[in-house]
Every structure is written in structure tokens, then in C-alpha cells.
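Reproduced below: model_0.txt, with compact mmCIF, C-alpha atoms and all ligand atoms.
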```txt
# COMPACT_ATOMS: atom_id res chain seq x y z
CA MET A 80 0.00 0.00 0.00
CA ALA A 81 1.50 3.32 -1.04
CA ILE A 82 0.56 6.51 0.76
CA ILE A 83 0.97 9.68 -1.28
CA ASP A 84 1.05 13.00 0.53
CA ILE A 85 -0.89 15.57 -1.52
CA SER A 86 -0.57 18.37 1.05
CA VAL A 87 1.78 21.32 0.76
CA ASN A 88 4.15 22.32 3.54
CA ILE A 89 2.77 25.30 5.42
CA LYS A 90 5.65 27.62 6.24
CA PRO A 91 6.54 31.30 6.49
CA GLY A 92 6.83 32.82 3.03
CA PHE A 93 4.35 30.38 1.50
CA PRO A 94 1.95 32.20 -0.86
CA VAL A 95 -1.30 33.37 0.72
CA TRP A 96 -4.45 34.81 -0.83
CA PRO A 97 -4.03 38.60 -1.24
CA GLY A 98 -5.33 40.28 1.92
CA HIS A 99 -5.10 37.14 4.06
CA PRO A 100 -2.54 37.07 6.89
CA GLU A 101 1.04 36.08 6.19
CA ILE A 102 2.14 32.79 7.76
CA ARG A 103 4.31 33.37 10.83
CA PHE A 104 6.02 30.90 13.15
CA THR A 105 7.51 32.48 16.25
CA PRO A 106 9.60 30.44 18.67
CA ILE A 107 8.43 31.43 22.15
CA GLN A 108 10.56 28.85 23.97
CA LYS A 109 13.84 27.39 22.78
CA ILE A 110 15.74 24.48 24.26
CA GLY A 111 18.65 25.98 26.11
CA ASN A 112 19.31 27.62 29.41
CA ASP A 113 15.79 28.91 29.91
CA SER A 114 13.70 26.04 28.62
CA LYS A 115 13.59 22.27 28.31
CA ALA A 116 11.32 22.39 25.27
CA ASN A 117 10.78 24.09 21.93
CA VAL A 118 7.42 25.83 21.60
CA THR A 119 6.23 27.76 18.54
CA GLN A 120 3.44 30.27 18.23
CA ILE A 121 1.75 29.99 14.84
CA GLU A 122 -0.12 32.72 13.00
CA LEU A 123 -2.01 31.92 9.86
CA GLY A 124 -5.31 32.44 8.07
CA ALA A 125 -7.83 29.60 7.99
CA HIS A 126 -7.29 29.30 4.22
CA SER A 127 -3.54 28.71 4.34
CA GLY A 128 -1.84 25.95 2.40
CA THR A 129 -3.84 22.78 1.80
CA HIS A 130 -7.20 23.48 3.40
CA LEU A 131 -10.89 23.03 2.98
CA ASP A 132 -13.81 25.44 2.95
CA ALA A 133 -16.88 24.99 5.12
CA PRO A 134 -20.29 26.33 4.03
CA LEU A 135 -19.81 29.22 6.50
CA HIS A 136 -17.12 30.62 4.18
CA PHE A 137 -19.75 32.04 1.81
CA LEU A 138 -23.10 31.28 3.50
CA LYS A 139 -24.11 33.37 6.52
CA ASP A 140 -25.83 30.50 8.31
CA GLY A 141 -23.68 27.71 6.94
CA CYS A 142 -21.93 25.22 9.22
CA ASP A 143 -18.35 25.69 10.35
CA VAL A 144 -15.50 23.34 9.62
CA THR A 145 -16.33 21.08 12.59
CA GLY A 146 -19.76 20.40 11.05
CA ILE A 147 -18.47 18.79 7.86
CA ASP A 148 -19.46 15.13 7.57
CA LEU A 149 -16.34 12.99 7.96
CA GLU A 150 -17.80 10.46 5.53
CA ILE A 151 -17.30 12.99 2.76
CA LEU A 152 -13.64 13.46 3.67
CA ILE A 153 -12.62 9.80 3.60
CA GLY A 154 -13.32 7.41 0.74
CA PRO A 155 -12.74 6.52 -2.91
CA ALA A 156 -11.61 9.38 -5.13
CA LEU A 157 -10.87 9.89 -8.79
CA LEU A 158 -7.88 12.01 -9.84
CA ILE A 159 -8.18 13.43 -13.34
CA GLU A 160 -5.52 15.44 -15.12
CA VAL A 161 -6.32 18.40 -17.34
CA SER A 162 -3.22 20.06 -18.61
CA ASP A 163 -3.26 23.06 -20.96
CA VAL A 164 -6.56 24.46 -19.79
CA GLN A 165 -7.14 27.80 -18.10
CA VAL A 166 -10.57 27.01 -16.74
CA VAL A 167 -12.45 23.87 -15.73
CA ASP A 168 -15.97 24.35 -17.09
CA ALA A 169 -18.96 22.11 -17.83
CA ALA A 170 -17.91 21.52 -21.44
CA LEU A 171 -14.50 20.23 -20.33
CA LEU A 172 -15.92 18.01 -17.57
CA ASP A 173 -18.41 16.54 -20.06
CA LYS A 174 -15.55 15.37 -22.26
CA LEU A 175 -13.65 13.55 -19.52
CA SER A 176 -15.87 10.45 -19.17
CA ILE A 177 -15.97 10.71 -15.39
CA PRO A 178 -17.81 7.63 -14.07
CA LYS A 179 -21.32 8.29 -12.74
CA ASN A 180 -20.59 6.99 -9.23
CA THR A 181 -17.70 9.42 -8.58
CA GLU A 182 -18.17 11.05 -5.18
CA ARG A 183 -14.76 12.65 -4.76
CA LEU A 184 -13.23 14.37 -7.75
CA LEU A 185 -9.65 15.65 -7.67
CA ILE A 186 -8.52 17.84 -10.54
CA LYS A 187 -4.85 18.03 -11.41
CA THR A 188 -3.90 21.05 -13.51
CA SER A 189 -0.75 22.96 -14.37
CA ASN A 190 -1.17 24.63 -10.95
CA SER A 191 0.58 21.68 -9.28
CA GLN A 192 3.85 22.71 -10.95
CA LEU A 193 3.73 26.02 -9.12
CA TRP A 194 4.37 24.25 -5.81
CA SER A 195 7.52 22.51 -6.98
CA GLU A 196 9.05 25.80 -8.10
CA ASN A 197 9.32 26.75 -4.45
CA ASN A 198 7.64 29.99 -5.33
CA THR A 199 6.72 32.48 -2.65
CA MET A 200 4.62 34.59 -5.03
CA PHE A 201 0.82 34.36 -5.26
CA HIS A 202 -0.25 33.58 -8.85
CA LYS A 203 -3.48 35.29 -9.91
CA ASP A 204 -3.72 33.39 -13.18
CA PHE A 205 -4.20 29.93 -11.66
CA VAL A 206 -6.52 27.36 -13.24
CA ALA A 207 -9.93 27.35 -11.51
CA ILE A 208 -13.45 25.96 -11.78
CA SER A 209 -16.03 28.19 -13.48
CA ASP A 210 -19.61 28.42 -12.26
CA SER A 211 -20.71 26.11 -15.10
CA GLY A 212 -18.10 23.61 -13.91
CA ALA A 213 -19.40 23.90 -10.34
CA LYS A 214 -22.97 23.30 -11.54
CA TRP A 215 -21.80 20.24 -13.46
CA ILE A 216 -20.22 18.92 -10.24
CA VAL A 217 -23.48 19.46 -8.33
CA GLU A 218 -25.57 17.79 -11.03
CA HIS A 219 -23.31 14.73 -11.10
CA GLY A 220 -23.61 13.90 -7.40
CA ILE A 221 -20.02 14.71 -6.49
CA ARG A 222 -19.60 15.47 -2.76
CA LEU A 223 -16.00 16.68 -2.61
CA VAL A 224 -13.89 18.47 -5.19
CA GLY A 225 -10.15 19.02 -4.81
CA VAL A 226 -8.05 21.54 -6.67
CA ASP A 227 -4.34 22.32 -6.77
CA TYR A 228 -4.29 26.05 -6.05
CA LEU A 229 -5.57 28.23 -3.22
CA SER A 230 -9.14 28.62 -4.54
CA VAL A 231 -11.68 26.54 -6.48
CA ALA A 232 -12.88 29.76 -8.09
CA PRO A 233 -11.10 32.13 -10.46
CA TYR A 234 -9.29 35.13 -9.00
CA GLY A 235 -11.51 38.23 -9.14
CA ASN A 236 -14.72 36.18 -9.39
CA THR A 237 -14.79 33.91 -6.36
CA GLY A 238 -18.53 34.17 -5.57
CA PRO A 239 -20.44 32.02 -8.10
CA THR A 240 -18.32 28.84 -7.93
CA HIS A 241 -18.20 28.90 -4.11
CA TYR A 242 -21.96 29.60 -3.73
CA THR A 243 -22.87 26.81 -6.14
CA LEU A 244 -20.67 24.24 -4.39
CA LEU A 245 -21.25 25.27 -0.76
CA GLN A 246 -25.04 25.61 -1.14
CA ALA A 247 -25.10 22.05 -2.46
CA GLY A 248 -23.08 20.76 0.51
CA ILE A 249 -20.04 19.98 -1.62
CA VAL A 250 -16.70 20.27 0.16
CA PRO A 251 -14.02 22.21 -1.76
CA VAL A 252 -10.48 21.19 -0.88
CA GLU A 253 -7.94 23.76 -2.02
CA GLY A 254 -4.18 24.01 -2.22
CA LEU A 255 -3.56 20.32 -2.96
CA ASN A 256 -0.34 19.24 -4.62
CA PHE A 257 -0.64 16.59 -7.33
CA ASP A 258 2.86 17.07 -8.69
CA GLY A 259 4.17 13.65 -9.71
CA VAL A 260 0.85 11.92 -8.97
CA LYS A 261 -0.72 9.93 -11.82
CA GLU A 262 -4.41 10.13 -12.62
CA GLY A 263 -6.55 7.24 -11.51
CA ARG A 264 -8.52 5.82 -8.61
CA TYR A 265 -7.35 6.24 -5.03
CA HIS A 266 -8.61 6.27 -1.49
CA LEU A 267 -8.62 9.83 -0.11
CA ILE A 268 -8.16 10.86 3.50
CA CYS A 269 -8.42 14.59 4.09
CA LEU A 270 -8.88 15.76 7.66
CA PRO A 271 -9.04 19.45 8.62
CA ILE A 272 -7.97 20.77 12.00
CA LYS A 273 -11.06 21.01 14.20
CA LEU A 274 -11.32 24.79 14.49
CA GLU A 275 -14.68 25.55 16.07
CA GLY A 276 -16.47 28.52 14.51
CA CYS A 277 -14.06 28.75 11.59
CA GLU A 278 -15.18 28.75 7.96
CA GLY A 279 -12.14 26.82 6.80
CA ALA A 280 -9.14 24.96 8.14
CA PRO A 281 -5.79 23.60 7.02
CA ALA A 282 -5.90 19.86 6.36
CA ARG A 283 -3.53 16.99 5.84
CA ALA A 284 -4.58 15.16 2.72
CA VAL A 285 -3.23 11.84 1.49
CA LEU A 286 -4.07 9.41 -1.26
CA ILE A 287 -3.77 5.70 -0.76
CA ASP A 288 -2.88 3.85 -3.92
CA LEU A 289 -4.68 0.56 -3.43
CA ASP A 290 -3.01 -1.09 -6.44
CA ARG A 291 0.47 -0.91 -5.02
ZN ZN B 1 -10.59 28.38 1.07
```

Since I need it in another form, could you write the structure as C-alpha cells?
Ligand SMILES: [Zn+2]
Amino acid sequence: MAIIDISVNIKPGFPVWPGHPEIRFTPIQKIGNDSKANVTQIELGAHSGTHLDAPLHFLKDGCDVTGIDLEILIGPALLIEVSDVQVVDAALLDKLSIPKNTERLLIKTSNSQLWSENNTMFHKDFVAISDSGAKWIVEHGIRLVGVDYLSVAPYGNTGPTHYTLLQAGIVPVEGLNFDGVKEGRYHLICLPIKLEGCEGAPARAVLIDLDR
């Protein structure tokens, strides 16, 4: 059984959404004369690195990240690769012959390469899901959709895709890294930190390759 880590390393200098807090790690105790232990204070936005969005992100009365059904976050997943596209829309998804019983859809795009470049810059021109793509996902019974940059929705137009997915109870997982991962069927485990009252939370996400 091979376990593939599809999470990014959260660290100071890692790109964050414009306007969100920078990631900061401050050592408040260091092993030495004054302390027996190392202790770090962390500062970060709820949408840092690999993370998921709860309905509360865009819906006033939506549930927070602790309310997301764990059964959605663990189970069979399909990873599809779409290189050379700028947007994932309904027309593209129609062409991909995604099996009808797919509940967790992970979309690998050219975004994944951005992580390996060790880039500290936020890229506004990342590949995202359009509202028509989000509607396609709703209509096809998908419960979780994973993307490889910091938002499911295009920069400058984040509303429609998020509303469509979150209103339908679909969990968007953002900031995944599929670099070097082949398309195919896997078992996904994606568990967010249990931050009560928060509309999103960093998560550790792994794929289990059941064929190996
Ligand atoms: Zn988010």
C-alpha cells in the first residue's frame, strides 16, 4: 500500500491569498538555558496551504469546519488530469468520461507545478473551476472536489463557484499538490484541524494507492 502525501508544507513565506494574513512561526521557547522544550506560536489564516472550505465561508448561516461530515472526507476518489486548460468548465468536464458513481473528484492542472518551483509569489492566473463547472459537479452527485491552487474559483470572481458548491453541501479542498501523482482511482483521507467557529481549516490530505 502506497501513501501519497498531496498536502503542501505550510511555512513562512508560502503564498497566501491577497489580503489574508502572512504565515508566521515564532519560537516562544527554545531548548537551552531557559527552557527544556521548543514551543512555537503559529499565526495563519484559515485558508492557508492545503485546506478546505466549510459552508460558513460564503453562507451566513452555513456550518463551520467542525460540522463537515467525515464520511465525505474519507473514501474513494478519482484524480483526473487536465493540462493546458485555463478554466475547468462544464464543457471540459463533459468530455472527460468521469464515471457516474464518482463522489470525490480531484482535478490536477498545471497549478501543481507552481508548488515545486518553491515559489513564494501568489499567482493570480491559476486554473480554476467556473460556475458552469461547479454546476456540473453538483448535477453529477459529487460530494468533494479538490483543486491544486488556493481557490476553487477564479481570482476576481470567487462568488459564483463557491456559492454553487457550498449551497449544495459539496466540500471544496484547495491548495492540494498533485505534482508527480498519476491520474486514476485512489482512497482519499483529508482531515481538517477542528477549528470551532471557523469557515475553513488547514488539512492533511493523502491518497492511498490501493493497487500498489
Ligand atoms: Zn478556502

Near-ligand residues for ligand ZN 1 (chain B), threshold 10 Å, all atoms listed in the file, as a VMD selection string: chain A and resid 96 124 to 133 136 to 137 228 to 232 241 251 to 254 278 to 281

Write a file of the just-selected residues containing C-alpha atoms, as a compact mmCIF listing (two decimals), in the coordinates of the input.
```txt
# COMPACT_ATOMS: atom_id res chain seq x y z
CA TRP A 96 -4.45 34.81 -0.83
CA GLY A 124 -5.31 32.44 8.07
CA ALA A 125 -7.83 29.60 7.99
CA HIS A 126 -7.29 29.30 4.22
CA SER A 127 -3.54 28.71 4.34
CA GLY A 128 -1.84 25.95 2.40
CA THR A 129 -3.84 22.78 1.80
CA HIS A 130 -7.20 23.48 3.40
CA LEU A 131 -10.89 23.03 2.98
CA ASP A 132 -13.81 25.44 2.95
CA ALA A 133 -16.88 24.99 5.12
CA HIS A 136 -17.12 30.62 4.18
CA PHE A 137 -19.75 32.04 1.81
CA TYR A 228 -4.29 26.05 -6.05
CA LEU A 229 -5.57 28.23 -3.22
CA SER A 230 -9.14 28.62 -4.54
CA VAL A 231 -11.68 26.54 -6.48
CA ALA A 232 -12.88 29.76 -8.09
CA HIS A 241 -18.20 28.90 -4.11
CA PRO A 251 -14.02 22.21 -1.76
CA VAL A 252 -10.48 21.19 -0.88
CA GLU A 253 -7.94 23.76 -2.02
CA GLY A 254 -4.18 24.01 -2.22
CA GLU A 278 -15.18 28.75 7.96
CA GLY A 279 -12.14 26.82 6.80
CA ALA A 280 -9.14 24.96 8.14
CA PRO A 281 -5.79 23.60 7.02
```

Within 12 Å of stretch 97-109 of chain A: each stretch 198-220 of chain A residue with its shortest pair, all atoms listed in the file, as CSV:
```
residue,atom,partner,partner_atom,distance
A:Thr199,CA,A:Glu101,CA,11.1
A:Met200,CA,A:Pro97,CA,10.3
A:Phe201,CA,A:Pro97,CA,7.6
A:His202,CA,A:Pro97,CA,9.9
A:Lys203,CA,A:Pro97,CA,9.3
```

Residue list as number ranges by chain for point (-8.5, 14.4, 5.8), cut-off 10 Å, all atoms listed in the file: A: 130-131, 149, 151-154, 252, 267-272, 281-286

Minimum-distance residue to A:Asp210, chosen among A:Thr243, A:Asn112, A:Asn256, A:Asn190 (using all atoms listed in the file):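 Under the stated criterion, the closest residue is A:Thr243.
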
Top pick for closest residue to A:Asp204, considering A:Gly225, A:Gly220, A:Pro134, A:Gly235 and counting all atoms listed in the file: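 Closest to A:Asp204, using all atoms listed in the file: A:Gly235.
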
Exercise: residues within 12 Å of coordinate (-7.3, 20.8, -20.0), counting only C-alpha atoms, as a list in words: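 So the residues meeting the distance criterion are Ile159, Glu160, Val161, Ser162, Asp163, Val164, Gln165, Val166, Val167, Asp168, Ala169, Ala170, Leu171, Leu172, Asp173, Lys174, Leu175, Ile186, Lys187, Thr188, Ser189, Asn190, Val206, Ala207 and Ile208 of chain A.
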
Among listed residues A:Leu157, A:Leu138, A:Ile147, A:Ala247, nearest A:Ile287 (using all atoms listed in the file): A:Leu157

As a PDB file, in the frame of the given file, the rebuilt stretch 118-129 of chain A with N, CA, C and O atoms:
```pdb
ATOM      1  N   VAL A 118       8.841  25.526  21.770  1.00  0.00           N
ATOM      2  CA  VAL A 118       7.420  25.830  21.600  1.00  0.00           C
ATOM      3  C   VAL A 118       7.292  26.964  20.579  1.00  0.00           C
ATOM      4  O   VAL A 118       7.993  27.967  20.670  1.00  0.00           O
ATOM      5  N   THR A 119       6.403  26.768  19.604  1.00  0.00           N
ATOM      6  CA  THR A 119       6.230  27.760  18.540  1.00  0.00           C
ATOM      7  C   THR A 119       4.825  28.335  18.573  1.00  0.00           C
ATOM      8  O   THR A 119       3.854  27.588  18.747  1.00  0.00           O
ATOM      9  N   GLN A 120       4.753  29.640  18.411  1.00  0.00           N
ATOM     10  CA  GLN A 120       3.440  30.270  18.230  1.00  0.00           C
ATOM     11  C   GLN A 120       3.196  30.349  16.727  1.00  0.00           C
ATOM     12  O   GLN A 120       4.076  30.800  15.988  1.00  0.00           O
ATOM     13  N   ILE A 121       2.019  29.913  16.274  1.00  0.00           N
ATOM     14  CA  ILE A 121       1.750  29.990  14.840  1.00  0.00           C
ATOM     15  C   ILE A 121       0.678  31.033  14.566  1.00  0.00           C
ATOM     16  O   ILE A 121      -0.273  31.193  15.327  1.00  0.00           O
ATOM     17  N   GLU A 122       0.878  31.748  13.463  1.00  0.00           N
ATOM     18  CA  GLU A 122      -0.120  32.720  13.000  1.00  0.00           C
ATOM     19  C   GLU A 122      -0.404  32.414  11.545  1.00  0.00           C
ATOM     20  O   GLU A 122       0.524  32.375  10.731  1.00  0.00           O
ATOM     21  N   LEU A 123      -1.661  32.162  11.249  1.00  0.00           N
ATOM     22  CA  LEU A 123      -2.010  31.920   9.860  1.00  0.00           C
ATOM     23  C   LEU A 123      -3.503  32.080   9.648  1.00  0.00           C
ATOM     24  O   LEU A 123      -4.289  31.954  10.593  1.00  0.00           O
ATOM     25  N   GLY A 124      -3.893  32.362   8.414  1.00  0.00           N
ATOM     26  CA  GLY A 124      -5.310  32.440   8.070  1.00  0.00           C
ATOM     27  C   GLY A 124      -5.868  31.026   7.959  1.00  0.00           C
ATOM     28  O   GLY A 124      -5.118  30.058   7.766  1.00  0.00           O
ATOM     29  N   ALA A 125      -7.191  30.928   8.059  1.00  0.00           N
ATOM     30  CA  ALA A 125      -7.830  29.600   7.990  1.00  0.00           C
ATOM     31  C   ALA A 125      -7.714  28.984   6.604  1.00  0.00           C
ATOM     32  O   ALA A 125      -7.919  27.787   6.438  1.00  0.00           O
ATOM     33  N   HIS A 126      -7.380  29.803   5.599  1.00  0.00           N
ATOM     34  CA  HIS A 126      -7.290  29.300   4.220  1.00  0.00           C
ATOM     35  C   HIS A 126      -5.844  29.239   3.752  1.00  0.00           C
ATOM     36  O   HIS A 126      -5.519  29.588   2.626  1.00  0.00           O
ATOM     37  N   SER A 127      -4.972  28.804   4.649  1.00  0.00           N
ATOM     38  CA  SER A 127      -3.540  28.710   4.340  1.00  0.00           C
ATOM     39  C   SER A 127      -3.193  27.301   3.870  1.00  0.00           C
ATOM     40  O   SER A 127      -3.683  26.317   4.432  1.00  0.00           O
ATOM     41  N   GLY A 128      -2.334  27.240   2.868  1.00  0.00           N
ATOM     42  CA  GLY A 128      -1.840  25.950   2.400  1.00  0.00           C
ATOM     43  C   GLY A 128      -2.979  25.031   1.958  1.00  0.00           C
ATOM     44  O   GLY A 128      -4.038  25.487   1.505  1.00  0.00           O
ATOM     45  N   THR A 129      -2.778  23.734   2.111  1.00  0.00           N
ATOM     46  CA  THR A 129      -3.840  22.780   1.800  1.00  0.00           C
ATOM     47  C   THR A 129      -4.924  22.919   2.863  1.00  0.00           C
ATOM     48  O   THR A 129      -4.645  22.809   4.051  1.00  0.00           O
TER      49      THR A 129
END
```
